[in-house]
Structures are given as C-alpha cells and as structure tokens.
>>> print(open('coords.txt').read())   # compact mmCIF, C-alpha atoms
# COMPACT_ATOMS: atom_id res chain seq x y z
CA MET A 1057 -19.38 38.57 128.87
CA MET A 1058 -17.70 39.05 132.25
CA ASP A 1059 -15.04 36.50 133.23
CA THR A 1060 -15.31 34.62 136.53
CA THR A 1061 -12.93 36.93 138.39
CA ALA A 1062 -14.77 40.06 137.30
CA ARG A 1063 -18.11 38.45 138.19
CA ASP A 1064 -16.75 37.43 141.62
CA ARG A 1065 -15.56 41.00 142.19
CA VAL A 1066 -18.95 42.49 141.31
CA PHE A 1067 -20.71 39.89 143.48
CA SER A 1068 -18.40 40.53 146.46
CA GLY A 1069 -18.83 44.28 146.03
CA LEU A 1070 -22.61 44.02 146.00
CA VAL A 1071 -22.73 41.70 149.04
CA ILE A 1072 -20.37 43.93 151.05
CA THR A 1073 -22.29 47.08 150.10
CA PHE A 1074 -25.54 45.39 151.14
CA CYS A 1075 -24.01 44.31 154.47
CA PHE A 1076 -22.69 47.77 155.36
CA ALA A 1077 -25.94 49.43 154.26
CA VAL A 1078 -27.92 47.14 156.57
CA LEU A 1079 -25.47 47.49 159.48
CA ALA A 1080 -25.41 51.28 159.06
CA TRP A 1081 -29.22 51.35 159.08
CA LEU A 1082 -29.38 49.14 162.20
CA ASN A 1083 -26.85 51.40 163.98
CA GLY A 1084 -28.60 54.52 162.68
CA ARG A 1085 -31.81 53.56 164.48
CA TYR A 1086 -29.99 54.22 167.78
CA VAL A 1087 -27.86 57.18 166.72
CA GLY A 1088 -30.31 59.26 164.68
CA VAL A 1089 -33.72 60.68 165.57
CA GLY A 1090 -36.38 60.35 162.89
CA GLY A 1091 -36.26 58.83 159.42
CA GLY A 1092 -34.21 61.66 157.88
CA GLN A 1093 -31.36 61.35 160.35
CA VAL A 1094 -31.34 57.56 160.15
CA ALA A 1095 -31.16 57.77 156.34
CA LEU A 1096 -28.36 60.36 156.48
CA TYR A 1097 -26.40 58.28 159.01
CA SER A 1098 -26.87 55.17 156.85
CA LEU A 1099 -25.58 56.94 153.73
CA LEU A 1100 -22.60 58.49 155.52
CA GLY A 1101 -21.86 55.19 157.29
CA LEU A 1102 -21.89 53.33 153.98
CA ALA A 1103 -19.57 55.92 152.41
CA LEU A 1104 -17.23 55.69 155.41
CA ALA A 1105 -17.20 51.89 155.18
CA LEU A 1106 -16.35 51.87 151.48
CA ALA A 1107 -13.60 54.48 152.02
CA CYS A 1108 -12.18 52.39 154.89
CA LEU A 1109 -12.19 49.26 152.70
CA ALA A 1110 -10.21 51.13 150.01
CA GLY A 1111 -7.83 52.35 152.73
CA LEU A 1112 -7.48 48.80 154.05
CA ALA A 1113 -6.63 47.52 150.56
CA GLY A 1114 -3.98 50.26 150.29
CA LEU A 1115 -2.54 49.27 153.67
CA VAL A 1116 -2.43 45.59 152.68
CA LEU A 1117 -0.69 46.49 149.43
CA ALA A 1118 1.85 48.75 151.14
CA SER A 1119 2.75 46.12 153.74
CA ASP A 1120 2.98 43.07 151.49
CA ALA A 1121 5.81 43.04 148.95
CA PRO A 1122 4.94 39.68 147.29
CA LEU A 1123 1.32 40.74 146.78
CA ARG A 1124 2.44 44.14 145.43
CA ARG A 1125 4.83 42.45 142.99
CA GLU A 1126 2.56 39.68 141.76
CA ALA A 1127 -1.03 40.93 141.94
CA GLY A 1128 -0.89 44.66 142.65
CA TRP A 1129 -3.94 46.78 143.48
CA PRO A 1130 -6.52 44.29 142.03
CA GLY A 1131 -5.01 41.53 144.18
CA ALA A 1132 -5.28 43.66 147.33
CA LEU A 1133 -8.89 44.57 146.51
CA ASP A 1134 -9.67 40.89 145.90
CA ALA A 1135 -8.21 39.92 149.28
CA VAL A 1136 -10.26 42.62 151.03
CA GLY A 1137 -13.37 41.67 149.05
CA ARG A 1138 -13.09 37.96 149.84
CA GLY A 1139 -12.24 38.64 153.49
CA PHE A 1140 -15.18 40.98 154.02
CA LEU A 1141 -17.62 38.51 152.47
CA ILE A 1142 -17.79 36.95 155.92
CA LEU A 1143 -19.61 40.08 157.02
CA LEU A 1144 -22.74 38.44 155.56
CA PRO A 1145 -23.43 36.07 158.51
CA PHE A 1146 -22.80 38.95 160.93
CA THR A 1147 -25.30 41.12 159.06
CA LEU A 1148 -28.00 38.44 158.93
CA LEU A 1149 -27.48 37.60 162.61
CA ALA A 1150 -27.58 41.32 163.48
CA LEU A 1151 -30.94 41.55 161.70
CA LEU A 1152 -32.17 38.56 163.72
CA ALA A 1153 -30.86 40.07 166.99
CA GLU A 1154 -32.30 43.53 166.33
CA LEU A 1155 -35.60 42.90 164.57
CA PHE A 1156 -36.59 39.63 166.27
CA PHE A 1157 -34.96 39.70 169.71
CA GLY A 1158 -34.57 43.50 170.11
CA TRP A 1159 -31.18 43.21 171.84
CA GLY A 1160 -29.94 46.69 170.91
CA ALA A 1161 -26.56 45.22 169.97
CA ALA A 1162 -26.09 46.51 166.41
CA GLN A 1163 -22.84 48.23 167.38
CA ALA A 1164 -21.43 45.00 168.89
CA PHE A 1165 -22.31 43.04 165.74
CA THR A 1166 -20.74 45.72 163.53
CA GLN A 1167 -17.50 45.91 165.53
CA ALA A 1168 -17.15 42.13 165.73
CA GLY A 1169 -17.94 41.86 162.01
CA ILE A 1170 -15.32 44.42 161.00
CA MET A 1171 -12.59 42.93 163.21
CA THR A 1172 -13.33 39.34 162.18
CA SER A 1173 -13.44 40.33 158.51
CA GLY A 1174 -10.05 42.02 159.04
CA ALA A 1175 -8.71 38.69 160.31
CA ALA A 1176 -10.27 36.96 157.27
CA VAL A 1177 -8.49 39.46 154.98
CA GLY A 1178 -5.28 38.50 156.79
CA VAL A 1179 -5.98 34.81 156.12
CA GLU A 1180 -6.55 35.60 152.41
CA VAL A 1181 -3.30 37.59 152.22
CA MET A 1182 -1.39 34.82 154.01
CA ARG A 1183 -2.79 32.29 151.55
CA ARG A 1184 -1.45 34.33 148.62
CA SER A 1185 1.85 35.50 150.10
CA GLY A 1186 3.03 32.41 151.97
CA GLN A 1187 1.72 31.20 155.31
CA LYS A 1188 3.50 33.79 157.45
CA LEU A 1189 1.68 35.38 160.38
CA LYS A 1190 3.40 38.75 159.74
CA TYR A 1191 1.00 39.30 156.82
CA MET A 1192 -1.85 39.25 159.32
CA VAL A 1193 -0.62 42.37 161.13
CA ALA A 1194 -1.56 45.09 158.60
CA PRO A 1195 -5.13 43.81 157.93
CA MET A 1196 -5.78 43.45 161.68
CA LEU A 1197 -4.44 46.94 162.45
CA GLY A 1198 -6.42 48.35 159.52
CA ALA A 1199 -9.61 46.65 160.70
CA PHE A 1200 -9.01 47.91 164.24
CA ALA A 1201 -8.62 51.49 162.94
CA PHE A 1202 -11.76 51.00 160.82
CA SER A 1203 -13.82 49.88 163.82
CA ILE A 1204 -12.53 52.81 165.93
CA LEU A 1205 -13.43 55.21 163.09
CA TRP A 1206 -16.93 53.74 162.96
CA ILE A 1207 -17.41 54.32 166.72
CA ALA A 1208 -16.01 57.87 166.44
CA PHE A 1209 -18.28 58.60 163.47
CA SER A 1210 -21.34 57.36 165.39
CA ALA A 1211 -20.45 59.46 168.45
CA LEU A 1212 -19.80 62.54 166.30
CA PHE A 1213 -23.04 62.10 164.37
CA GLN A 1214 -25.01 61.75 167.60
CA LYS A 1215 -23.37 64.92 168.98
CA VAL A 1216 -23.97 66.97 165.83
CA ALA A 1217 -27.50 65.67 165.23
CA GLY A 1218 -28.32 66.35 168.86
CA MET B 902 5.67 9.98 179.57
CA GLU B 903 5.09 13.24 181.48
CA ALA B 904 7.14 15.18 178.94
CA SER B 905 5.06 13.79 176.09
CA GLY B 906 1.83 14.72 177.96
CA ALA B 907 3.11 18.28 178.46
CA ARG B 908 4.10 18.47 174.78
CA SER B 909 0.64 17.28 173.77
CA THR B 910 -1.08 19.86 176.03
CA SER B 911 1.11 22.67 174.73
CA SER B 912 0.47 21.65 171.12
CA SER B 913 -3.29 21.51 171.83
CA LEU B 914 -3.12 24.99 173.37
CA ARG B 915 -1.21 26.26 170.33
CA SER B 916 -3.86 24.81 168.02
CA ALA B 917 -6.63 26.39 170.10
CA LEU B 918 -4.98 29.82 169.95
CA SER B 919 -4.31 29.48 166.22
CA MET B 920 -8.04 28.93 165.78
CA ILE B 921 -8.56 32.61 166.59
CA LEU B 922 -6.54 34.14 163.75
CA ASN B 923 -5.39 31.35 161.48
CA PRO B 924 -8.07 28.64 161.68
CA ALA B 925 -7.49 27.35 158.14
CA GLN B 926 -4.05 26.08 159.13
CA VAL B 927 -5.44 24.22 162.16
CA VAL B 928 -8.31 22.54 160.30
CA LYS B 929 -5.95 21.41 157.56
CA GLY B 930 -3.48 19.72 159.88
CA ALA B 931 -3.03 20.15 163.61
CA LEU B 932 -6.65 19.44 164.55
CA ASP B 933 -6.15 15.69 164.23
CA GLN B 934 -3.63 15.81 167.08
CA VAL B 935 -5.91 17.66 169.50
CA PRO B 936 -7.63 15.20 171.86
CA TRP B 937 -11.45 15.44 171.90
CA PRO B 938 -11.74 16.02 175.68
CA PHE B 939 -9.60 19.13 175.23
CA CYS B 940 -11.84 20.39 172.38
CA LEU B 941 -14.99 19.69 174.38
CA SER B 942 -13.59 21.49 177.42
CA VAL B 943 -12.89 24.63 175.35
CA SER B 944 -16.50 25.10 174.21
CA GLY B 945 -17.87 23.75 177.50
CA LEU B 946 -15.92 26.27 179.55
CA ALA B 947 -16.62 29.10 177.08
CA PHE B 948 -20.39 28.69 177.34
CA THR B 949 -20.29 27.97 181.08
CA LEU B 950 -18.66 31.38 181.66
CA PHE B 951 -20.87 33.08 179.06
CA PHE B 952 -24.06 31.77 180.69
CA LEU B 953 -22.68 32.59 184.14
CA GLN B 954 -22.36 36.22 183.01
CA THR B 955 -25.93 36.08 181.67
CA GLY B 956 -27.10 34.87 185.08
CA LEU B 957 -25.07 37.54 186.88
CA ASP B 958 -26.46 40.28 184.59
CA MET B 959 -30.02 39.09 185.13
CA HIS B 960 -29.47 38.80 188.89
CA ARG B 961 -28.08 42.36 188.94
CA VAL B 962 -31.16 43.80 187.25
CA GLY B 963 -33.46 41.69 189.40
CA THR B 964 -34.84 39.29 186.78
CA ALA B 965 -33.14 36.16 188.17
CA SER B 966 -32.41 34.80 191.64
CA ALA B 967 -28.92 33.70 192.76
CA GLY B 968 -30.07 30.09 192.36
CA ALA B 969 -31.18 30.77 188.80
CA ALA B 970 -27.79 32.32 188.03
CA VAL B 971 -26.10 29.10 189.22
CA GLY B 972 -28.60 27.12 187.14
CA PHE B 973 -27.68 29.15 184.04
CA THR B 974 -24.05 28.23 184.60
CA PHE B 975 -24.81 24.50 184.45
CA LEU B 976 -27.06 25.11 181.47
CA GLY B 977 -24.08 26.80 179.81
CA LEU B 978 -21.98 23.69 180.38
CA ALA B 979 -24.64 21.54 178.69
CA PHE B 980 -25.02 24.07 175.89
CA GLY B 981 -21.26 24.29 175.29
CA THR B 982 -20.88 20.52 175.06
CA ALA B 983 -24.11 18.82 173.91
CA GLY B 984 -25.50 21.95 172.25
CA VAL B 985 -22.37 22.69 170.25
CA ALA B 986 -22.12 19.00 169.29
CA LEU B 987 -25.72 19.16 168.04
CA VAL B 988 -25.04 22.28 165.97
CA ALA B 989 -21.91 20.58 164.59
CA THR B 990 -24.06 17.59 163.64
CA VAL B 991 -26.44 19.85 161.71
CA ALA B 992 -23.46 21.42 159.90
CA TRP B 993 -22.00 17.97 159.19
CA ALA B 994 -25.30 16.73 157.72
CA LEU B 995 -25.60 19.79 155.46
CA ALA B 996 -21.96 19.52 154.37
CA ARG B 997 -22.53 15.82 153.55
CA LEU B 998 -25.35 16.86 151.23
CA LEU B 999 -22.82 19.08 149.45
CA GLY B 1000 -20.31 16.26 149.14
CA GLY B 1001 -18.33 16.81 152.36
CA GLU B 1002 -16.30 13.78 153.44
CA ARG B 1003 -15.10 14.77 156.91
CA SER B 1004 -16.30 12.51 159.74
CA LEU B 1005 -18.85 13.56 162.36
CA GLU B 1006 -16.23 13.10 165.08
CA TRP B 1007 -13.82 15.47 163.25
CA THR B 1008 -16.62 18.03 162.79
CA VAL B 1009 -17.62 18.00 166.46
CA ARG B 1010 -13.99 18.38 167.57
CA ALA B 1011 -13.42 21.24 165.12
CA PHE B 1012 -16.61 23.07 166.13
CA CYS B 1013 -15.79 22.76 169.84
CA LEU B 1014 -12.29 24.15 169.30
CA ALA B 1015 -13.74 26.98 167.17
CA TYR B 1016 -15.12 28.50 170.37
CA THR B 1017 -11.65 29.44 171.64
CA PRO B 1018 -12.28 33.16 170.94
CA THR B 1019 -15.58 32.86 172.84
CA LEU B 1020 -13.67 31.43 175.81
CA ILE B 1021 -11.20 34.32 175.79
CA PHE B 1022 -13.98 36.92 175.54
CA ALA B 1023 -15.90 35.11 178.30
CA VAL B 1024 -12.90 35.15 180.67
CA VAL B 1025 -12.25 38.87 180.05
CA GLY B 1026 -15.98 39.63 180.32
CA LEU B 1027 -16.26 37.79 183.62
CA ILE B 1028 -13.38 39.84 185.04
CA PHE B 1029 -15.17 43.09 184.09
CA ASN B 1030 -18.48 41.71 185.32
CA LEU B 1031 -17.12 40.83 188.77
CA ALA B 1032 -14.61 43.65 189.20
CA ALA B 1033 -16.51 46.58 187.67
CA GLY B 1034 -20.11 45.38 187.96
CA TRP B 1035 -20.73 45.75 184.22
CA ASN B 1036 -23.41 43.81 182.34
CA THR B 1037 -21.19 41.85 179.99
CA ALA B 1038 -23.33 39.08 178.48
CA ILE B 1039 -23.94 40.93 175.20
CA ALA B 1040 -20.80 43.10 175.02
CA PHE B 1041 -18.40 40.23 175.70
CA GLY B 1042 -20.44 37.01 175.48
CA VAL B 1043 -22.28 37.60 172.20
CA THR B 1044 -19.20 39.27 170.71
CA GLY B 1045 -17.20 36.15 171.60
CA VAL B 1046 -19.79 33.91 169.93
CA LEU B 1047 -19.61 36.13 166.82
CA TRP B 1048 -15.80 35.87 166.78
CA ALA B 1049 -16.18 32.09 166.57
CA LEU B 1050 -17.75 32.56 163.12
CA LEU B 1051 -14.29 33.01 161.57
CA PRO B 1052 -13.07 29.51 162.58
CA VAL B 1053 -16.52 28.03 161.88
CA ILE B 1054 -16.40 29.37 158.30
CA ALA B 1055 -12.85 27.99 157.89
CA ILE B 1056 -14.06 24.58 159.11
CA LEU B 1057 -17.02 24.64 156.73
CA ARG B 1058 -14.82 25.69 153.80
CA GLU B 1059 -12.64 22.66 154.52
CA MET B 1060 -15.72 20.43 154.79
CA THR B 1061 -17.40 21.68 151.61
CA GLY B 1062 -14.29 21.74 149.43
CA GLU B 1063 -13.82 25.55 149.62
CA LYS B 1064 -17.42 26.40 148.66
CA LEU B 1065 -17.56 29.88 150.19
CA GLY B 1066 -21.26 30.57 149.55
CA ALA B 1067 -22.36 27.30 151.15
CA SER B 1068 -19.97 27.86 154.06
CA LEU B 1069 -21.43 31.32 154.70
CA ALA B 1070 -24.99 29.97 154.57
CA ILE B 1071 -24.31 27.06 156.95
CA SER B 1072 -22.29 29.24 159.33
CA THR B 1073 -25.17 31.76 159.46
CA LEU B 1074 -27.53 28.92 160.34
CA CYS B 1075 -25.15 27.60 163.02
CA GLY B 1076 -24.61 31.08 164.48
CA GLY B 1077 -28.37 31.63 164.46
CA LEU B 1078 -28.98 28.35 166.30
CA ILE B 1079 -26.44 29.28 168.98
CA LEU B 1080 -27.85 32.80 169.44
CA CYS B 1081 -31.45 31.52 169.50
CA GLY B 1082 -30.48 28.88 172.05
CA TRP B 1083 -28.90 31.55 174.25
CA ALA B 1084 -31.89 33.87 173.78
CA LEU B 1085 -34.25 31.11 174.96
CA VAL B 1086 -32.44 31.16 178.32
CA GLY B 1087 -33.08 34.89 178.65
CA ILE B 1088 -36.76 34.41 177.87
>>> encode(input="coords.txt", output="structure tokens")
Amino acid sequence: MMDTTARDRVFSGLVITFCFAVLAWLNGRYVGVGGGQVALYSLLGLALALACLAGLAGLVLASDAPLRREAGWPGALDAVGRGFLILLPFTLLALLAELFFGWGAAQAFTQAGIMTSGAAVGVEVMRRSGQKLKYMVAPMLGAFAFSILWIAFSALFQKVAG
Amino acid sequence: MEASGARSTSSSLRSALSMILNPAQVVKGALDQVPWPFCLSVSGLAFTLFFLQTGLDMHRVGTASAGAAVGFTFLGLAFGTAGVALVATVAWALARLLGGERSLEWTVRAFCLAYTPTLIFAVVGLIFNLAAGWNTAIAFGVTGVLWALLPVIAILREMTGEKLGASLAISTLCGGLILCGWALVGI
C-alpha cells in the first residue's frame, strides 16, 4: 500500500504530465505540419518539460539551505510538483480557448501557465522555509528560463521541420 | 488624518502588489484592511483597459467602429465590477457547499484584488497597443487574466480549508466564466 505522500506524488506527476502533453499537443498544431510532426513535437515538448521540472527542482534545492537540510531532493520535487499542479486550470482553459473559441493562443496559455506555476512553486518553498520573499527568486528565475526554453524549442522545431 | 489616509492607501497598494506573487499572505491577513472601493477599482480598471484594448484591436482590423470601441470600454468597467462580483458569488456558493466560512463580502473583495496582475498586464499592453500599434488583447489581456489564477487559487484554498483539488476545480470554472464572458464581447 502506498502512503499518502507517495500517492500525492504519483497523482501530481500524472496530472502534470497530462497537462504538458496537452499543452505540447495544442502548441504542436501550430508548429508542426501533419500528424507526424505534431506527434514528434508533442513528445519532445513533454520530454523538455519534464527535464525542465527536474532542473527547477535542482535550482530550488541549490538556492534554499533550510529545504536542503530538512527535506532534501524529495522536498524540492514535492514543492515543484505541488506548485505545477496549478497548471491544470491553464490546460483546461487552453483547451476551451483552442478547441471551442479557436483563439490560436496556446503559446500564451503555456507561457502564463509555466510562469504562474513557477510563482506557485515559490509560494510552496516559502511556506516550508519561512515566509521570506528571497525564496521566491530561484523558482521565478527557473520558470522564466523554462518558458524561454519552450519558445526557443518551438522556434527551432519549426525551423528544422520546415 | 491625511497621514493615516496616505498610510492606508500605501498599505492597500502593498497588499495589491503582494497579490501577484505572495497571495496566500494577503488572504490570510492584510486583506481585511483593504477598503472595498479600492478592491473594486482594481478589477474595474483592469477590465476597462483590457476591453479597451479589445475594442482598439477590433477597430484596427475593421470589425468594430470607434463608437463600439468606446462601448467595449464601458462594458469592461461593468464586467470588472459587477461581472467579477458575480463570479466571486459563484465561487463563494461552491465553497460554502464544501464547508467554507468566509463571508460573501470578503470573497468579492478578495476576487477583485486578485485581478492586480491583470491590471498590470493591461497597462503595459495598452502602452504597446497605442505606441506600437500591436494587437494586444490576447497577448497581454488574456495573459493578465490567466495570471490572476494564482491569487484566485490562493483565495479558494483559504475558503475551502486548503482543499487543493476543489480550489483547482472552482478556479477553472471561474477562469472559464471570465474568458467566456470576454469571448461573448468579441462575438
């Protein structure tokens, strides 16, 4: 039997993977041409997102001595996991905007989702390490770098795929 | 008297800005000190400027007249005040079903102040719209509305006793209502 923490971790992981898979697919419809390219973009986008989340957890851990001392790597992953759960409303609203309204704004939803989730990670870290705003800096910078990487990846894919 | 008024305004501004990155702290304490006209003016102004940009974008591409653009602006004011209050009421009713004990008045004030990031995005968007001639309603306006989800989720977590799943579900509904309301204007 899994304990509550382990179950929460698996649940968060599944929700976040679902969100990035959907967002990558929505973005891929504009970046790729044809089903094959959209699928490839979605897979690569998902892999990039998961790698960035691991990088973000590493950055949080490196910048936060109390968290490093008391909770270590699992604590940093938990903070990132709980923070990025708020990607769910962004994903569902992106689906509404794209499939129902046809706004062509998947990129805007993705960027806003990543940056806001970064801020939510900061809030989680602050909650664990004392309410000091300095703990917000690393998650926000990490999320900013993540969103820039996502844009660069999309531009590169579009260029390579032609 | 004047000094206390200035102190109150500066503390309200601080609370509004904290809503962007550290909303949990505001909803747990400082929100009670922020006067409701201030909260209402934040969301009112945010949506006024957002809808103004929508009108300007539509006027630029020839789908709305100058008069319609002005009309959108007033519609934005109504949306940012009455509309946001209505969405807050829906959230309050759902949170009550889950055992929430916060008052309706507290909920409306909190929701209005949650649109501080929208206001900032709307101001920056309007500058780009007027100075560079960009269409900014989606890039800045919708992005600003999405940024408000972070404080809205913090408010709902406070209202539902830290029930994250319920907070995410209600915030998705509230965000959907706001986006659908805005989309109706475009249609």
>>> residues_around(input="coords.txt", residues="Leu941 in chain B", least_positions_apart="6", cutoff="9 Å", atoms="all atoms listed in the file", output="ChimeraX atom specification")
/B:981-982,985-986,1009-1010,1013-1014
>>> interface_residues(input="coords.txt", of="chain B", to="chain A", cutoff="12 Å", atoms="only C-alpha atoms", output="mmCIF file with C-alpha atoms, in the frame of the given file")
data_model
loop_
_atom_site.group_PDB
_atom_site.id
_atom_site.type_symbol
_atom_site.label_atom_id
_atom_site.label_comp_id
_atom_site.auth_asym_id
_atom_site.auth_seq_id
_atom_site.Cartn_x
_atom_site.Cartn_y
_atom_site.Cartn_z
ATOM 1 C CA SER B 919 -4.310 29.480 166.220
ATOM 2 C CA MET B 920 -8.040 28.930 165.780
ATOM 3 C CA ILE B 921 -8.560 32.610 166.590
ATOM 4 C CA LEU B 922 -6.540 34.140 163.750
ATOM 5 C CA ASN B 923 -5.390 31.350 161.480
ATOM 6 C CA PRO B 924 -8.070 28.640 161.680
ATOM 7 C CA ALA B 925 -7.490 27.350 158.140
ATOM 8 C CA GLN B 926 -4.050 26.080 159.130
ATOM 9 C CA PRO B 1018 -12.280 33.160 170.940
ATOM 10 C CA THR B 1019 -15.580 32.860 172.840
ATOM 11 C CA PHE B 1022 -13.980 36.920 175.540
ATOM 12 C CA THR B 1037 -21.190 41.850 179.990
ATOM 13 C CA ALA B 1038 -23.330 39.080 178.480
ATOM 14 C CA ILE B 1039 -23.940 40.930 175.200
ATOM 15 C CA ALA B 1040 -20.800 43.100 175.020
ATOM 16 C CA PHE B 1041 -18.400 40.230 175.700
ATOM 17 C CA GLY B 1042 -20.440 37.010 175.480
ATOM 18 C CA VAL B 1043 -22.280 37.600 172.200
ATOM 19 C CA THR B 1044 -19.200 39.270 170.710
ATOM 20 C CA GLY B 1045 -17.200 36.150 171.600
ATOM 21 C CA VAL B 1046 -19.790 33.910 169.930
ATOM 22 C CA LEU B 1047 -19.610 36.130 166.820
ATOM 23 C CA TRP B 1048 -15.800 35.870 166.780
ATOM 24 C CA ALA B 1049 -16.180 32.090 166.570
ATOM 25 C CA LEU B 1050 -17.750 32.560 163.120
ATOM 26 C CA LEU B 1051 -14.290 33.010 161.570
ATOM 27 C CA PRO B 1052 -13.070 29.510 162.580
ATOM 28 C CA VAL B 1053 -16.520 28.030 161.880
ATOM 29 C CA ILE B 1054 -16.400 29.370 158.300
ATOM 30 C CA ALA B 1055 -12.850 27.990 157.890
ATOM 31 C CA ARG B 1058 -14.820 25.690 153.800
ATOM 32 C CA LEU B 1065 -17.560 29.880 150.190
ATOM 33 C CA GLY B 1066 -21.260 30.570 149.550
ATOM 34 C CA ALA B 1067 -22.360 27.300 151.150
ATOM 35 C CA SER B 1068 -19.970 27.860 154.060
ATOM 36 C CA LEU B 1069 -21.430 31.320 154.700
ATOM 37 C CA ALA B 1070 -24.990 29.970 154.570
ATOM 38 C CA ILE B 1071 -24.310 27.060 156.950
ATOM 39 C CA SER B 1072 -22.290 29.240 159.330
ATOM 40 C CA THR B 1073 -25.170 31.760 159.460
ATOM 41 C CA LEU B 1074 -27.530 28.920 160.340
ATOM 42 C CA CYS B 1075 -25.150 27.600 163.020
ATOM 43 C CA GLY B 1076 -24.610 31.080 164.480
ATOM 44 C CA GLY B 1077 -28.370 31.630 164.460
ATOM 45 C CA LEU B 1078 -28.980 28.350 166.300
ATOM 46 C CA ILE B 1079 -26.440 29.280 168.980
ATOM 47 C CA LEU B 1080 -27.850 32.800 169.440
ATOM 48 C CA CYS B 1081 -31.450 31.520 169.500
ATOM 49 C CA GLY B 1082 -30.480 28.880 172.050
ATOM 50 C CA TRP B 1083 -28.900 31.550 174.250
ATOM 51 C CA ALA B 1084 -31.890 33.870 173.780
ATOM 52 C CA LEU B 1085 -34.250 31.110 174.960
ATOM 53 C CA GLY B 1087 -33.080 34.890 178.650
ATOM 54 C CA ILE B 1088 -36.760 34.410 177.870
#
>>> residues_around(input="coords.txt", residues="Ala967 in chain B", least_positions_apart="5", cutoff="9 Å", atoms="only C-alpha atoms", output="PyMOL selection string")
chain B and resi 956-957+960+972
>>> residues_around(input="coords.txt", residues="range 1201-1214 of chain A", least_positions_apart="4", cutoff="8 Å", atoms="all atoms listed in the file", output="MDAnalysis selection string")
chainID A and resid 1087:1088 1097 1101 1104:1105 1108 1167 1170:1171 1197 1218
>>> closest_residue(input="coords.txt", among="A:Phe1074, A:Phe1156, A:Trp1081, A:Tyr1191", to="Leu1123 in chain A", atoms="all atoms listed in the file")
A:Tyr1191
>>> atom_distance(input="coords.txt", atom1="CA of Gly945 in chain B", atom2="CA of Glu1059 in chain B")
23.6 Å
>>> build_atoms(input="coords.txt", residues="range 1014-1031 of chain B", atoms="N, CA and C atoms", output="PDB file, in the coordinates of the input")
ATOM      1  N   LEU B1014     -13.518  23.352 169.216  1.00  0.00           N
ATOM      2  CA  LEU B1014     -12.290  24.150 169.300  1.00  0.00           C
ATOM      3  C   LEU B1014     -12.493  25.545 168.697  1.00  0.00           C
ATOM      4  N   ALA B1015     -13.467  25.676 167.803  1.00  0.00           N
ATOM      5  CA  ALA B1015     -13.740  26.980 167.170  1.00  0.00           C
ATOM      6  C   ALA B1015     -14.188  28.019 168.192  1.00  0.00           C
ATOM      7  N   TYR B1016     -14.629  27.554 169.366  1.00  0.00           N
ATOM      8  CA  TYR B1016     -15.120  28.500 170.370  1.00  0.00           C
ATOM      9  C   TYR B1016     -14.015  29.002 171.301  1.00  0.00           C
ATOM     10  N   THR B1017     -12.764  28.869 170.861  1.00  0.00           N
ATOM     11  CA  THR B1017     -11.650  29.440 171.640  1.00  0.00           C
ATOM     12  C   THR B1017     -11.787  30.961 171.804  1.00  0.00           C
ATOM     13  N   PRO B1018     -12.115  31.723 170.715  1.00  0.00           N
ATOM     14  CA  PRO B1018     -12.280  33.160 170.940  1.00  0.00           C
ATOM     15  C   PRO B1018     -13.402  33.465 171.921  1.00  0.00           C
ATOM     16  N   THR B1019     -14.468  32.658 171.892  1.00  0.00           N
ATOM     17  CA  THR B1019     -15.580  32.860 172.840  1.00  0.00           C
ATOM     18  C   THR B1019     -15.079  32.686 174.265  1.00  0.00           C
ATOM     19  N   LEU B1020     -14.217  31.680 174.468  1.00  0.00           N
ATOM     20  CA  LEU B1020     -13.670  31.430 175.810  1.00  0.00           C
ATOM     21  C   LEU B1020     -12.857  32.637 176.282  1.00  0.00           C
ATOM     22  N   ILE B1021     -12.039  33.180 175.387  1.00  0.00           N
ATOM     23  CA  ILE B1021     -11.200  34.320 175.790  1.00  0.00           C
ATOM     24  C   ILE B1021     -12.078  35.536 176.121  1.00  0.00           C
ATOM     25  N   PHE B1022     -13.068  35.806 175.262  1.00  0.00           N
ATOM     26  CA  PHE B1022     -13.980  36.920 175.540  1.00  0.00           C
ATOM     27  C   PHE B1022     -14.743  36.672 176.853  1.00  0.00           C
ATOM     28  N   ALA B1023     -15.126  35.420 177.097  1.00  0.00           N
ATOM     29  CA  ALA B1023     -15.900  35.110 178.300  1.00  0.00           C
ATOM     30  C   ALA B1023     -15.060  35.332 179.557  1.00  0.00           C
ATOM     31  N   VAL B1024     -13.783  34.957 179.500  1.00  0.00           N
ATOM     32  CA  VAL B1024     -12.900  35.150 180.670  1.00  0.00           C
ATOM     33  C   VAL B1024     -12.738  36.652 180.942  1.00  0.00           C
ATOM     34  N   VAL B1025     -12.441  37.417 179.880  1.00  0.00           N
ATOM     35  CA  VAL B1025     -12.250  38.870 180.050  1.00  0.00           C
ATOM     36  C   VAL B1025     -13.562  39.515 180.522  1.00  0.00           C
ATOM     37  N   GLY B1026     -14.672  39.085 179.935  1.00  0.00           N
ATOM     38  CA  GLY B1026     -15.980  39.630 180.320  1.00  0.00           C
ATOM     39  C   GLY B1026     -16.290  39.362 181.784  1.00  0.00           C
ATOM     40  N   LEU B1027     -15.971  38.149 182.228  1.00  0.00           N
ATOM     41  CA  LEU B1027     -16.260  37.790 183.620  1.00  0.00           C
ATOM     42  C   LEU B1027     -15.460  38.671 184.588  1.00  0.00           C
ATOM     43  N   ILE B1028     -14.217  38.966 184.206  1.00  0.00           N
ATOM     44  CA  ILE B1028     -13.380  39.840 185.040  1.00  0.00           C
ATOM     45  C   ILE B1028     -14.061  41.215 185.178  1.00  0.00           C
ATOM     46  N   PHE B1029     -14.504  41.783 184.046  1.00  0.00           N
ATOM     47  CA  PHE B1029     -15.170  43.090 184.090  1.00  0.00           C
ATOM     48  C   PHE B1029     -16.499  43.008 184.836  1.00  0.00           C
ATOM     49  N   ASN B1030     -17.189  41.884 184.662  1.00  0.00           N
ATOM     50  CA  ASN B1030     -18.480  41.710 185.320  1.00  0.00           C
ATOM     51  C   ASN B1030     -18.310  41.723 186.846  1.00  0.00           C
ATOM     52  N   LEU B1031     -17.307  40.955 187.321  1.00  0.00           N
ATOM     53  CA  LEU B1031     -17.120  40.830 188.770  1.00  0.00           C
ATOM     54  C   LEU B1031     -16.411  42.048 189.363  1.00  0.00           C
TER      55      LEU B1031
END
